[in-house]
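Enquirer: Data file work-v7.cif (mmCIF, N, CA and C atoms) is appended below.
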data_query
loop_
_atom_site.label_atom_id
_atom_site.label_comp_id
_atom_site.auth_asym_id
_atom_site.auth_seq_id
_atom_site.Cartn_x
_atom_site.Cartn_y
_atom_site.Cartn_z
N MET A 1 0.84 -1.18 0.00
CA MET A 1 0.00 0.00 0.00
C MET A 1 0.87 1.24 0.00
N ASN A 2 0.66 2.10 -0.93
CA ASN A 2 1.35 3.39 -0.99
C ASN A 2 0.28 4.47 -1.11
N GLU A 3 0.01 5.14 -0.02
CA GLU A 3 -0.99 6.20 0.01
C GLU A 3 -0.35 7.46 0.55
N ILE A 4 -0.86 8.59 0.13
CA ILE A 4 -0.39 9.86 0.67
C ILE A 4 -1.47 10.40 1.60
N VAL A 5 -1.06 10.75 2.82
CA VAL A 5 -1.99 11.29 3.82
C VAL A 5 -1.53 12.69 4.22
N THR A 6 -2.46 13.43 4.76
CA THR A 6 -2.17 14.76 5.27
C THR A 6 -2.07 14.69 6.79
N VAL A 7 -0.93 15.08 7.32
CA VAL A 7 -0.71 15.14 8.77
C VAL A 7 -0.67 16.60 9.15
N THR A 8 -1.66 17.04 9.91
CA THR A 8 -1.76 18.43 10.29
C THR A 8 -0.57 18.83 11.16
N PRO A 9 0.20 19.84 10.77
CA PRO A 9 1.35 20.24 11.58
C PRO A 9 0.93 20.95 12.87
N TRP A 10 1.84 20.97 13.82
CA TRP A 10 1.60 21.60 15.10
C TRP A 10 1.61 23.11 14.96
N HIS A 11 0.67 23.75 15.62
CA HIS A 11 0.61 25.20 15.65
C HIS A 11 0.93 25.66 17.07
N PRO A 12 1.81 26.63 17.21
CA PRO A 12 2.22 27.04 18.55
C PRO A 12 1.27 27.99 19.27
N TRP A 13 0.03 28.11 18.84
CA TRP A 13 -0.90 29.04 19.48
C TRP A 13 -1.11 28.76 20.97
N PRO A 14 -1.04 27.49 21.47
CA PRO A 14 -1.21 27.31 22.92
C PRO A 14 -0.14 27.99 23.75
N LEU A 15 1.01 28.31 23.15
CA LEU A 15 2.07 29.00 23.90
C LEU A 15 1.69 30.43 24.24
N ALA A 16 0.63 30.94 23.63
CA ALA A 16 0.18 32.30 23.93
C ALA A 16 -0.30 32.40 25.38
N ILE A 17 -0.82 31.32 25.93
CA ILE A 17 -1.35 31.36 27.30
C ILE A 17 -0.23 31.64 28.31
N PRO A 18 0.89 30.87 28.33
CA PRO A 18 1.93 31.21 29.30
C PRO A 18 2.59 32.56 29.01
N ILE A 19 2.60 33.00 27.76
CA ILE A 19 3.16 34.32 27.45
C ILE A 19 2.31 35.41 28.09
N VAL A 20 0.99 35.29 27.97
CA VAL A 20 0.09 36.28 28.58
C VAL A 20 0.23 36.26 30.10
N VAL A 21 0.32 35.06 30.68
CA VAL A 21 0.47 34.95 32.14
C VAL A 21 1.82 35.55 32.58
N ALA A 22 2.88 35.33 31.79
CA ALA A 22 4.19 35.91 32.13
C ALA A 22 4.13 37.43 32.09
N ILE A 23 3.45 37.98 31.10
CA ILE A 23 3.30 39.44 31.02
C ILE A 23 2.52 39.96 32.23
N ALA A 24 1.48 39.21 32.62
CA ALA A 24 0.72 39.59 33.81
C ALA A 24 1.61 39.56 35.04
N GLY A 25 2.51 38.58 35.13
CA GLY A 25 3.45 38.51 36.26
C GLY A 25 4.38 39.71 36.29
N ILE A 26 4.82 40.16 35.13
CA ILE A 26 5.68 41.35 35.06
C ILE A 26 4.91 42.58 35.53
N VAL A 27 3.65 42.70 35.12
CA VAL A 27 2.83 43.84 35.52
C VAL A 27 2.62 43.84 37.04
N VAL A 28 2.29 42.66 37.58
CA VAL A 28 2.07 42.57 39.04
C VAL A 28 3.36 42.90 39.78
N SER A 29 4.47 42.41 39.30
CA SER A 29 5.75 42.69 39.96
C SER A 29 6.09 44.18 39.91
N SER A 30 5.84 44.81 38.77
CA SER A 30 6.14 46.25 38.68
C SER A 30 5.20 47.07 39.57
N LEU A 31 3.93 46.63 39.69
CA LEU A 31 3.01 47.32 40.61
C LEU A 31 3.49 47.18 42.05
N GLY A 32 3.98 46.00 42.40
CA GLY A 32 4.52 45.79 43.74
C GLY A 32 5.74 46.64 44.00
N THR A 33 6.55 46.84 42.99
CA THR A 33 7.74 47.68 43.14
C THR A 33 7.34 49.14 43.33
N ARG A 34 6.38 49.61 42.53
CA ARG A 34 5.93 51.00 42.65
C ARG A 34 5.29 51.28 44.00
N ARG A 35 4.54 50.33 44.50
CA ARG A 35 3.86 50.53 45.78
C ARG A 35 4.71 50.10 46.97
N ARG A 36 5.90 49.66 46.69
CA ARG A 36 6.85 49.20 47.71
C ARG A 36 6.26 48.11 48.59
N SER A 37 5.59 47.17 47.89
CA SER A 37 4.98 46.03 48.57
C SER A 37 5.75 44.77 48.16
N LYS A 38 6.56 44.29 49.11
CA LYS A 38 7.39 43.13 48.81
C LYS A 38 6.56 41.89 48.48
N PRO A 39 5.46 41.57 49.18
CA PRO A 39 4.68 40.37 48.83
C PRO A 39 4.10 40.42 47.41
N VAL A 40 3.64 41.60 46.99
CA VAL A 40 3.08 41.73 45.64
C VAL A 40 4.20 41.59 44.60
N ARG A 41 5.34 42.19 44.86
CA ARG A 41 6.47 42.08 43.94
C ARG A 41 6.92 40.64 43.81
N GLU A 42 7.01 39.92 44.92
CA GLU A 42 7.42 38.52 44.88
C GLU A 42 6.36 37.64 44.21
N LEU A 43 5.09 37.98 44.41
CA LEU A 43 4.02 37.24 43.73
C LEU A 43 4.16 37.40 42.22
N GLY A 44 4.40 38.61 41.77
CA GLY A 44 4.60 38.84 40.33
C GLY A 44 5.79 38.08 39.78
N SER A 45 6.88 38.06 40.55
CA SER A 45 8.07 37.32 40.12
C SER A 45 7.78 35.82 40.04
N ALA A 46 7.06 35.31 41.03
CA ALA A 46 6.72 33.88 41.03
C ALA A 46 5.81 33.54 39.86
N ILE A 47 4.83 34.40 39.57
CA ILE A 47 3.94 34.17 38.42
C ILE A 47 4.75 34.14 37.13
N PHE A 48 5.69 35.08 36.99
CA PHE A 48 6.51 35.12 35.79
C PHE A 48 7.35 33.86 35.63
N VAL A 49 8.02 33.43 36.70
CA VAL A 49 8.88 32.25 36.63
C VAL A 49 8.06 31.00 36.32
N LEU A 50 6.92 30.83 36.98
CA LEU A 50 6.07 29.67 36.72
C LEU A 50 5.54 29.66 35.28
N ALA A 51 5.17 30.83 34.77
CA ALA A 51 4.68 30.91 33.39
C ALA A 51 5.81 30.58 32.41
N ALA A 52 7.01 31.05 32.69
CA ALA A 52 8.15 30.75 31.82
C ALA A 52 8.46 29.25 31.82
N LEU A 53 8.42 28.63 32.99
CA LEU A 53 8.66 27.19 33.08
C LEU A 53 7.55 26.40 32.37
N ALA A 54 6.31 26.84 32.54
CA ALA A 54 5.19 26.16 31.86
C ALA A 54 5.32 26.31 30.35
N GLY A 55 5.70 27.47 29.89
CA GLY A 55 5.90 27.68 28.45
C GLY A 55 7.01 26.81 27.89
N ALA A 56 8.11 26.70 28.63
CA ALA A 56 9.22 25.86 28.19
C ALA A 56 8.81 24.39 28.14
N ALA A 57 8.07 23.94 29.15
CA ALA A 57 7.60 22.55 29.16
C ALA A 57 6.64 22.29 28.01
N MET A 58 5.74 23.24 27.76
CA MET A 58 4.80 23.08 26.65
C MET A 58 5.56 23.02 25.33
N PHE A 59 6.57 23.87 25.16
CA PHE A 59 7.34 23.88 23.93
C PHE A 59 8.12 22.58 23.74
N ALA A 60 8.55 21.99 24.85
CA ALA A 60 9.33 20.75 24.78
C ALA A 60 8.47 19.53 24.46
N PHE A 61 7.25 19.47 25.00
CA PHE A 61 6.46 18.24 24.89
C PHE A 61 5.30 18.30 23.89
N MET A 62 4.72 19.45 23.68
CA MET A 62 3.52 19.53 22.84
C MET A 62 3.75 19.19 21.36
N PRO A 63 4.84 19.65 20.73
CA PRO A 63 4.99 19.32 19.31
C PRO A 63 5.03 17.82 19.04
N GLY A 64 5.77 17.08 19.84
CA GLY A 64 5.86 15.63 19.65
C GLY A 64 4.54 14.93 19.90
N SER A 65 3.84 15.34 20.94
CA SER A 65 2.53 14.75 21.23
C SER A 65 1.54 15.06 20.13
N TRP A 66 1.55 16.29 19.67
CA TRP A 66 0.64 16.70 18.60
C TRP A 66 0.93 15.91 17.33
N ASP A 67 2.21 15.82 16.94
CA ASP A 67 2.58 15.11 15.72
C ASP A 67 2.21 13.64 15.79
N GLN A 68 2.47 13.00 16.92
CA GLN A 68 2.14 11.59 17.05
C GLN A 68 0.63 11.37 16.98
N GLY A 69 -0.14 12.25 17.59
CA GLY A 69 -1.59 12.14 17.52
C GLY A 69 -2.10 12.36 16.11
N ALA A 70 -1.52 13.32 15.39
CA ALA A 70 -1.94 13.59 14.02
C ALA A 70 -1.58 12.43 13.10
N ARG A 71 -0.41 11.82 13.31
CA ARG A 71 -0.02 10.65 12.51
C ARG A 71 -0.96 9.48 12.77
N ALA A 72 -1.28 9.25 14.05
CA ALA A 72 -2.18 8.15 14.39
C ALA A 72 -3.56 8.37 13.77
N GLU A 73 -4.03 9.61 13.80
CA GLU A 73 -5.32 9.94 13.20
C GLU A 73 -5.31 9.70 11.69
N ALA A 74 -4.22 10.05 11.03
CA ALA A 74 -4.10 9.85 9.58
C ALA A 74 -4.10 8.36 9.25
N LEU A 75 -3.36 7.56 10.03
CA LEU A 75 -3.33 6.12 9.77
C LEU A 75 -4.66 5.46 10.08
N THR A 76 -5.34 5.93 11.11
CA THR A 76 -6.66 5.40 11.44
C THR A 76 -7.63 5.67 10.30
N GLY A 77 -7.49 6.81 9.65
CA GLY A 77 -8.32 7.14 8.51
C GLY A 77 -8.11 6.20 7.33
N LEU A 78 -6.94 5.54 7.28
CA LEU A 78 -6.65 4.58 6.21
C LEU A 78 -7.06 3.16 6.58
N GLY A 79 -7.57 2.96 7.79
CA GLY A 79 -8.02 1.63 8.20
C GLY A 79 -7.10 0.91 9.15
N TYR A 80 -6.04 1.55 9.59
CA TYR A 80 -5.14 0.95 10.57
C TYR A 80 -5.72 1.15 11.96
N THR A 81 -5.43 0.22 12.85
CA THR A 81 -5.86 0.38 14.25
C THR A 81 -4.64 0.28 15.15
N SER A 82 -4.69 0.95 16.26
CA SER A 82 -3.65 1.02 17.30
C SER A 82 -2.24 1.17 16.74
N PRO A 83 -1.99 2.27 15.99
CA PRO A 83 -0.63 2.49 15.48
C PRO A 83 0.32 2.96 16.57
N THR A 84 1.56 2.50 16.48
CA THR A 84 2.65 2.98 17.34
C THR A 84 3.80 3.40 16.43
N PHE A 85 4.62 4.32 16.90
CA PHE A 85 5.66 4.91 16.05
C PHE A 85 7.02 4.80 16.70
N SER A 86 8.05 4.76 15.86
CA SER A 86 9.43 4.82 16.34
C SER A 86 9.88 6.27 16.27
N ALA A 87 11.10 6.51 16.67
CA ALA A 87 11.64 7.86 16.57
C ALA A 87 11.87 8.23 15.11
N GLU A 88 11.81 9.53 14.82
CA GLU A 88 12.03 9.98 13.45
C GLU A 88 13.49 9.80 13.07
N GLN A 89 13.71 9.31 11.85
CA GLN A 89 15.05 9.10 11.35
C GLN A 89 15.27 10.01 10.15
N ILE A 90 16.38 10.71 10.14
CA ILE A 90 16.73 11.56 9.00
C ILE A 90 17.97 10.97 8.37
N THR A 91 17.89 10.64 7.08
CA THR A 91 19.01 9.98 6.43
C THR A 91 20.17 10.94 6.19
N LYS A 92 19.91 12.12 5.65
CA LYS A 92 20.94 13.14 5.42
C LYS A 92 20.33 14.50 5.75
N PRO A 93 21.14 15.46 6.11
CA PRO A 93 20.59 16.79 6.35
C PRO A 93 19.90 17.32 5.10
N GLY A 94 18.73 17.85 5.29
CA GLY A 94 17.97 18.41 4.18
C GLY A 94 17.04 17.42 3.51
N GLU A 95 17.20 16.11 3.81
CA GLU A 95 16.30 15.12 3.24
C GLU A 95 15.09 14.94 4.16
N PRO A 96 13.96 14.50 3.58
CA PRO A 96 12.76 14.33 4.39
C PRO A 96 12.91 13.23 5.43
N GLY A 97 12.20 13.40 6.53
CA GLY A 97 12.24 12.44 7.61
C GLY A 97 11.43 11.19 7.30
N VAL A 98 11.79 10.10 7.98
CA VAL A 98 11.08 8.83 7.84
C VAL A 98 10.71 8.37 9.24
N VAL A 99 9.44 7.97 9.42
CA VAL A 99 8.96 7.50 10.72
C VAL A 99 8.41 6.10 10.53
N ALA A 100 9.00 5.12 11.23
CA ALA A 100 8.51 3.74 11.16
C ALA A 100 7.28 3.60 12.05
N PHE A 101 6.37 2.70 11.65
CA PHE A 101 5.17 2.46 12.46
C PHE A 101 4.82 0.99 12.45
N GLN A 102 4.05 0.59 13.45
CA GLN A 102 3.43 -0.73 13.53
C GLN A 102 1.97 -0.50 13.84
N ALA A 103 1.11 -1.30 13.22
CA ALA A 103 -0.32 -1.16 13.46
C ALA A 103 -1.01 -2.46 13.06
N GLU A 104 -2.31 -2.52 13.28
CA GLU A 104 -3.10 -3.66 12.84
C GLU A 104 -3.98 -3.22 11.69
N ARG A 105 -4.07 -4.10 10.70
CA ARG A 105 -4.94 -3.84 9.55
C ARG A 105 -5.59 -5.16 9.16
N ASP A 106 -6.89 -5.17 9.14
CA ASP A 106 -7.65 -6.38 8.83
C ASP A 106 -7.29 -7.53 9.77
N GLY A 107 -7.03 -7.21 11.03
CA GLY A 107 -6.73 -8.22 12.04
C GLY A 107 -5.30 -8.72 12.04
N GLU A 108 -4.45 -8.23 11.16
CA GLU A 108 -3.06 -8.66 11.11
C GLU A 108 -2.14 -7.50 11.47
N ARG A 109 -1.03 -7.84 12.14
CA ARG A 109 -0.06 -6.83 12.51
C ARG A 109 0.78 -6.50 11.28
N VAL A 110 0.89 -5.23 10.94
CA VAL A 110 1.68 -4.79 9.79
C VAL A 110 2.71 -3.76 10.25
N ARG A 111 3.78 -3.67 9.46
CA ARG A 111 4.81 -2.68 9.72
C ARG A 111 4.98 -1.84 8.47
N GLY A 112 5.43 -0.63 8.66
CA GLY A 112 5.64 0.24 7.52
C GLY A 112 6.34 1.52 7.95
N PHE A 113 6.30 2.50 7.07
CA PHE A 113 6.91 3.78 7.41
C PHE A 113 6.17 4.91 6.73
N LEU A 114 6.30 6.06 7.34
CA LEU A 114 5.78 7.31 6.79
C LEU A 114 6.98 8.12 6.33
N LYS A 115 6.93 8.61 5.09
CA LYS A 115 8.02 9.42 4.57
C LYS A 115 7.45 10.77 4.16
N SER A 116 8.10 11.83 4.62
CA SER A 116 7.64 13.17 4.31
C SER A 116 7.79 13.45 2.82
N GLU A 117 6.72 13.96 2.24
CA GLU A 117 6.73 14.36 0.84
C GLU A 117 6.81 15.88 0.71
N GLY A 118 7.01 16.53 1.84
CA GLY A 118 7.08 18.00 1.86
C GLY A 118 5.78 18.58 2.39
N GLY A 119 5.91 19.62 3.16
CA GLY A 119 4.72 20.25 3.74
C GLY A 119 4.05 19.31 4.73
N ASP A 120 2.74 19.15 4.56
CA ASP A 120 1.99 18.27 5.47
C ASP A 120 1.59 16.96 4.80
N GLN A 121 2.23 16.63 3.67
CA GLN A 121 1.94 15.39 2.94
C GLN A 121 2.96 14.31 3.31
N TRP A 122 2.46 13.11 3.64
CA TRP A 122 3.30 11.98 4.02
C TRP A 122 2.90 10.75 3.21
N LEU A 123 3.89 10.00 2.74
CA LEU A 123 3.66 8.77 2.00
C LEU A 123 3.66 7.61 2.98
N VAL A 124 2.58 6.81 2.96
CA VAL A 124 2.46 5.64 3.83
C VAL A 124 2.82 4.41 3.01
N THR A 125 3.83 3.66 3.47
CA THR A 125 4.27 2.46 2.77
C THR A 125 4.36 1.31 3.75
N GLU A 126 3.75 0.18 3.41
CA GLU A 126 3.86 -1.02 4.25
C GLU A 126 5.09 -1.79 3.83
N VAL A 127 5.72 -2.44 4.81
CA VAL A 127 6.90 -3.29 4.58
C VAL A 127 6.43 -4.72 4.59
N GLU A 128 6.80 -5.47 3.56
CA GLU A 128 6.43 -6.88 3.48
C GLU A 128 7.23 -7.68 4.50
N GLU A 129 6.55 -8.55 5.22
CA GLU A 129 7.20 -9.43 6.20
C GLU A 129 7.77 -10.65 5.47
N THR A 130 9.03 -10.94 5.69
CA THR A 130 9.64 -12.15 5.15
C THR A 130 10.15 -12.99 6.30
N ASP A 131 9.95 -14.29 6.19
CA ASP A 131 10.39 -15.19 7.26
C ASP A 131 11.75 -15.74 7.00
#
Render the structure in this file as C-alpha cells.

Expert:
Amino acid sequence: MNEIVTVTPWHPWPLAIPIVVAIAGIVVSSLGTRRRSKPVRELGSAIFVLAALAGAAMFAFMPGSWDQGARAEALTGLGYTSPTFSAEQITKPGEPGVVAFQAERDGERVRGFLKSEGGDQWLVTEVEETD
C-alpha cells in the first residue's frame, strides 16, 4: 500500500497562554515595586517564573505529542488500528524524515513507514514481512 496522507502540523498558538500569564506577572511585579509592597512584587516574580517554566515545558512536549496524535489519526483514517511509532530518522541533512510504524490492519499486525513528501503530505508504505 502506498498512500499519501495529510498530517496536520503543530501550531504554537497554545504557547500564547503562558506568554500572557508571564506578562501579567511582570505587571504585578512592577506594581509591587511602585507601591513598595514586597509580597506583591514577589508574587509577580513567582507568576513570571512559573509561566516561563510552563511555556518551556509546553514547547518541549507539545509538538511531539501533537505530531504523534496527528499521525495516528491519519493512519486510522486509512483503516489501521492502534498504530505505534518509532523515533524519526533523518538519512541526510535536508532530506525528508522517515517515521517507522506498527499497526493492525484487517486483524493482522503490519509494519511500515511514513516518509515526508514535503509540507503536510506523508507517503504511507507497508513493509512486506519475510520469514

Enquirer: Write out as a ChimeraX atom specification which residues come within 8 Å of A:Ile23 when counting all atoms listed in the file, dropping same-chain ones fewer than 5 positions away.

Expert: /A:17-18,28-29,47-48,51-52

Enquirer: Return the padded bounding box of stretch 99-113 of chain A as AutoDock Vina command-line options: axis-aligned, built from all atoms listed in the file, 4 Å added on each side, with centre and edge lengths in Å to one decimal.

Expert:
--center_x 0.9 --center_y -0.4 --center_z 10.3 --size_x 25.1 --size_y 24.7 --size_z 15.1

Enquirer: Do you know which residues are at most 12 Å from A:Glu126 counting only C-alpha atoms, after dropping those on the same chain fewer than 5 positions away, and could you put them as a list of chain:residue names?

Expert: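 What passes the distance filter is A:Met1, A:Asn2, A:Glu3, A:Leu75, A:Tyr80, A:Val99, A:Ala100, A:Phe101, A:Gln102, A:Ala103, A:Glu104, A:Arg105, A:Arg109, A:Val110, A:Arg111, A:Gly112, A:Phe113, A:Leu114, A:Lys115.
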
Enquirer: Of the candidates A:Ser30, A:Ala54, A:Trp66, A:Phe59, which one gets nearest to A:Glu42 if we count only N, CA and C atoms?

Expert: A:Ser30

Enquirer: I'd like the interatomic distance between atom N of A:Gly69 and atom CA of A:Pro83, to a tenth of an Å.

Expert: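 Computing the Euclidean distance for atom N of A:Gly69 and atom CA of A:Pro83 yields 10.0 Å.
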
Enquirer: Could you check how far atom C of A:Asp67 sits from atom C of A:Pro9, in Å to one decimal?

Expert: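 That distance, rounded to one decimal, is 8.0 Å.
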
Enquirer: Have a look at A:Val127, A:Arg34, A:His11, A:Trp122 and name the one nearest to A:Pro63; count all atoms listed in the file.

Expert: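 Selected residue with least distance to A:Pro63: A:His11.
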
Enquirer: Can you list, as number ranges by chain, every protein, DNA or RNA residue that comes within 8 Å of A:Gly44 when you count all atoms listed in the file, leaving out same-chain residues fewer than 4 positions away?

Expert: A: 22, 24-32, 38-40, 48-50

Enquirer: Kindly indicate which residue among A:Phe85, A:Arg36, A:Ile19, A:Trp13 lies nearest to A:Gln68, using all atoms listed in the file for the distances.

Expert: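 Of the candidates, the smallest distance to A:Gln68 is held by A:Phe85.
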
Enquirer: Atom N of A:Gly64 and atom N of A:Trp10 are how many Å apart?

Expert: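 One can read the atom N of A:Gly64 to atom N of A:Trp10 distance as 8.2 Å.
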
Enquirer: Could you find all residues in stretch 19-112 of chain A that DSSP calls strand (DSSP E or B) from the backbone, and write them as a PyMOL selection string?

Expert: chain A and resi 81-85+89-90+97-105+108-112

Enquirer: Per DSSP on the backbone, what are the alpha helix (DSSP H) residues of stretch 1-84 of chain A, as a compact mmCIF listing (two decimals) with N, CA and C atoms, in the frame of the given file?

Expert:
# COMPACT_ATOMS: atom_id res chain seq x y z
N ALA A 16 0.63 30.94 23.63
CA ALA A 16 0.18 32.30 23.93
C ALA A 16 -0.30 32.40 25.38
N ILE A 17 -0.82 31.32 25.93
CA ILE A 17 -1.35 31.36 27.30
C ILE A 17 -0.23 31.64 28.31
N PRO A 18 0.89 30.87 28.33
CA PRO A 18 1.93 31.21 29.30
C PRO A 18 2.59 32.56 29.01
N ILE A 19 2.60 33.00 27.76
CA ILE A 19 3.16 34.32 27.45
C ILE A 19 2.31 35.41 28.09
N VAL A 20 0.99 35.29 27.97
CA VAL A 20 0.09 36.28 28.58
C VAL A 20 0.23 36.26 30.10
N VAL A 21 0.32 35.06 30.68
CA VAL A 21 0.47 34.95 32.14
C VAL A 21 1.82 35.55 32.58
N ALA A 22 2.88 35.33 31.79
CA ALA A 22 4.19 35.91 32.13
C ALA A 22 4.13 37.43 32.09
N ILE A 23 3.45 37.98 31.10
CA ILE A 23 3.30 39.44 31.02
C ILE A 23 2.52 39.96 32.23
N ALA A 24 1.48 39.21 32.62
CA ALA A 24 0.72 39.59 33.81
C ALA A 24 1.61 39.56 35.04
N GLY A 25 2.51 38.58 35.13
CA GLY A 25 3.45 38.51 36.26
C GLY A 25 4.38 39.71 36.29
N ILE A 26 4.82 40.16 35.13
CA ILE A 26 5.68 41.35 35.06
C ILE A 26 4.91 42.58 35.53
N VAL A 27 3.65 42.70 35.12
CA VAL A 27 2.83 43.84 35.52
C VAL A 27 2.62 43.84 37.04
N VAL A 28 2.29 42.66 37.58
CA VAL A 28 2.07 42.57 39.04
C VAL A 28 3.36 42.90 39.78
N SER A 29 4.47 42.41 39.30
CA SER A 29 5.75 42.69 39.96
C SER A 29 6.09 44.18 39.91
N SER A 30 5.84 44.81 38.77
CA SER A 30 6.14 46.25 38.68
C SER A 30 5.20 47.07 39.57
N LEU A 31 3.93 46.63 39.69
CA LEU A 31 3.01 47.32 40.61
C LEU A 31 3.49 47.18 42.05
N GLY A 32 3.98 46.00 42.40
CA GLY A 32 4.52 45.79 43.74
C GLY A 32 5.74 46.64 44.00
N THR A 33 6.55 46.84 42.99
CA THR A 33 7.74 47.68 43.14
C THR A 33 7.34 49.14 43.33
N ARG A 34 6.38 49.61 42.53
CA ARG A 34 5.93 51.00 42.65
C ARG A 34 5.29 51.28 44.00
N LYS A 38 6.56 44.29 49.11
CA LYS A 38 7.39 43.13 48.81
C LYS A 38 6.56 41.89 48.48
N PRO A 39 5.46 41.57 49.18
CA PRO A 39 4.68 40.37 48.83
C PRO A 39 4.10 40.42 47.41
N VAL A 40 3.64 41.60 46.99
CA VAL A 40 3.08 41.73 45.64
C VAL A 40 4.20 41.59 44.60
N ARG A 41 5.34 42.19 44.86
CA ARG A 41 6.47 42.08 43.94
C ARG A 41 6.92 40.64 43.81
N GLU A 42 7.01 39.92 44.92
CA GLU A 42 7.42 38.52 44.88
C GLU A 42 6.36 37.64 44.21
N LEU A 43 5.09 37.98 44.41
CA LEU A 43 4.02 37.24 43.73
C LEU A 43 4.16 37.40 42.22
N GLY A 44 4.40 38.61 41.77
CA GLY A 44 4.60 38.84 40.33
C GLY A 44 5.79 38.08 39.78
N SER A 45 6.88 38.06 40.55
CA SER A 45 8.07 37.32 40.12
C SER A 45 7.78 35.82 40.04
N ALA A 46 7.06 35.31 41.03
CA ALA A 46 6.72 33.88 41.03
C ALA A 46 5.81 33.54 39.86
N ILE A 47 4.83 34.40 39.57
CA ILE A 47 3.94 34.17 38.42
C ILE A 47 4.75 34.14 37.13
N PHE A 48 5.69 35.08 36.99
CA PHE A 48 6.51 35.12 35.79
C PHE A 48 7.35 33.86 35.63
N VAL A 49 8.02 33.43 36.70
CA VAL A 49 8.88 32.25 36.63
C VAL A 49 8.06 31.00 36.32
N LEU A 50 6.92 30.83 36.98
CA LEU A 50 6.07 29.67 36.72
C LEU A 50 5.54 29.66 35.28
N ALA A 51 5.17 30.83 34.77
CA ALA A 51 4.68 30.91 33.39
C ALA A 51 5.81 30.58 32.41
N ALA A 52 7.01 31.05 32.69
CA ALA A 52 8.15 30.75 31.82
C ALA A 52 8.46 29.25 31.82
N LEU A 53 8.42 28.63 32.99
CA LEU A 53 8.66 27.19 33.08
C LEU A 53 7.55 26.40 32.37
N ALA A 54 6.31 26.84 32.54
CA ALA A 54 5.19 26.16 31.86
C ALA A 54 5.32 26.31 30.35
N GLY A 55 5.70 27.47 29.89
CA GLY A 55 5.90 27.68 28.45
C GLY A 55 7.01 26.81 27.89
N ALA A 56 8.11 26.70 28.63
CA ALA A 56 9.22 25.86 28.19
C ALA A 56 8.81 24.39 28.14
N ALA A 57 8.07 23.94 29.15
CA ALA A 57 7.60 22.55 29.16
C ALA A 57 6.64 22.29 28.01
N MET A 58 5.74 23.24 27.76
CA MET A 58 4.80 23.08 26.65
C MET A 58 5.56 23.02 25.33
N PHE A 59 6.57 23.87 25.16
CA PHE A 59 7.34 23.88 23.93
C PHE A 59 8.12 22.58 23.74
N ALA A 60 8.55 21.99 24.85
CA ALA A 60 9.33 20.75 24.78
C ALA A 60 8.47 19.53 24.46
N PHE A 61 7.25 19.47 25.00
CA PHE A 61 6.46 18.24 24.89
C PHE A 61 5.30 18.30 23.89
N MET A 62 4.72 19.45 23.68
CA MET A 62 3.52 19.53 22.84
C MET A 62 3.75 19.19 21.36
N PRO A 63 4.84 19.65 20.73
CA PRO A 63 4.99 19.32 19.31
C PRO A 63 5.03 17.82 19.04
N GLY A 64 5.77 17.08 19.84
CA GLY A 64 5.86 15.63 19.65
C GLY A 64 4.54 14.93 19.90
N SER A 65 3.84 15.34 20.94
CA SER A 65 2.53 14.75 21.23
C SER A 65 1.54 15.06 20.13
N TRP A 66 1.55 16.29 19.67
CA TRP A 66 0.64 16.70 18.60
C TRP A 66 0.93 15.91 17.33
N ASP A 67 2.21 15.82 16.94
CA ASP A 67 2.58 15.11 15.72
C ASP A 67 2.21 13.64 15.79
N GLN A 68 2.47 13.00 16.92
CA GLN A 68 2.14 11.59 17.05
C GLN A 68 0.63 11.37 16.98
N GLY A 69 -0.14 12.25 17.59
CA GLY A 69 -1.59 12.14 17.52
C GLY A 69 -2.10 12.36 16.11
N ALA A 70 -1.52 13.32 15.39
CA ALA A 70 -1.94 13.59 14.02
C ALA A 70 -1.58 12.43 13.10
N ARG A 71 -0.41 11.82 13.31
CA ARG A 71 -0.02 10.65 12.51
C ARG A 71 -0.96 9.48 12.77
N ALA A 72 -1.28 9.25 14.05
CA ALA A 72 -2.18 8.15 14.39
C ALA A 72 -3.56 8.37 13.77
N GLU A 73 -4.03 9.61 13.80
CA GLU A 73 -5.32 9.94 13.20
C GLU A 73 -5.31 9.70 11.69
N ALA A 74 -4.22 10.05 11.03
CA ALA A 74 -4.10 9.85 9.58
C ALA A 74 -4.10 8.36 9.25
N LEU A 75 -3.36 7.56 10.03
CA LEU A 75 -3.33 6.12 9.77
C LEU A 75 -4.66 5.46 10.08
N THR A 76 -5.34 5.93 11.11
CA THR A 76 -6.66 5.40 11.44
C THR A 76 -7.63 5.67 10.30
N GLY A 77 -7.49 6.81 9.65
CA GLY A 77 -8.32 7.14 8.51
C GLY A 77 -8.11 6.20 7.33

Enquirer: For A:Val5, which of A:Gly97, A:Asp106, A:Ala74, A:Leu43 is the closest residue, counting all atoms listed in the file?

Expert: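 Checking each of A:Gly97, A:Asp106, A:Ala74, A:Leu43 against A:Val5, counting all atoms listed in the file, the winner is A:Ala74.
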
Enquirer: Tell me which residues the PyMOL selection byres ((chain A and resi 6) around 5) grabs here, as an MDAnalysis selection string.

Expert: chainID A and resid 4:5 7:8 120:121

Enquirer: Generate the missing atoms of stretch 53-57 of chain A up to N, CA, C and O atoms and report them as a compact mmCIF listing (two decimals), in the coordinates of the input.

Expert:
# COMPACT_ATOMS: atom_id res chain seq x y z
N LEU A 53 8.42 28.63 32.99
CA LEU A 53 8.66 27.19 33.08
C LEU A 53 7.55 26.40 32.37
O LEU A 53 7.83 25.42 31.67
N ALA A 54 6.31 26.84 32.54
CA ALA A 54 5.19 26.16 31.86
C ALA A 54 5.32 26.31 30.35
O ALA A 54 5.08 25.34 29.61
N GLY A 55 5.70 27.47 29.89
CA GLY A 55 5.90 27.68 28.45
C GLY A 55 7.01 26.81 27.89
O GLY A 55 6.89 26.23 26.81
N ALA A 56 8.11 26.70 28.63
CA ALA A 56 9.22 25.86 28.19
C ALA A 56 8.81 24.39 28.14
O ALA A 56 9.16 23.67 27.19
N ALA A 57 8.07 23.94 29.15
CA ALA A 57 7.60 22.55 29.16
C ALA A 57 6.64 22.29 28.01
O ALA A 57 6.70 21.25 27.35
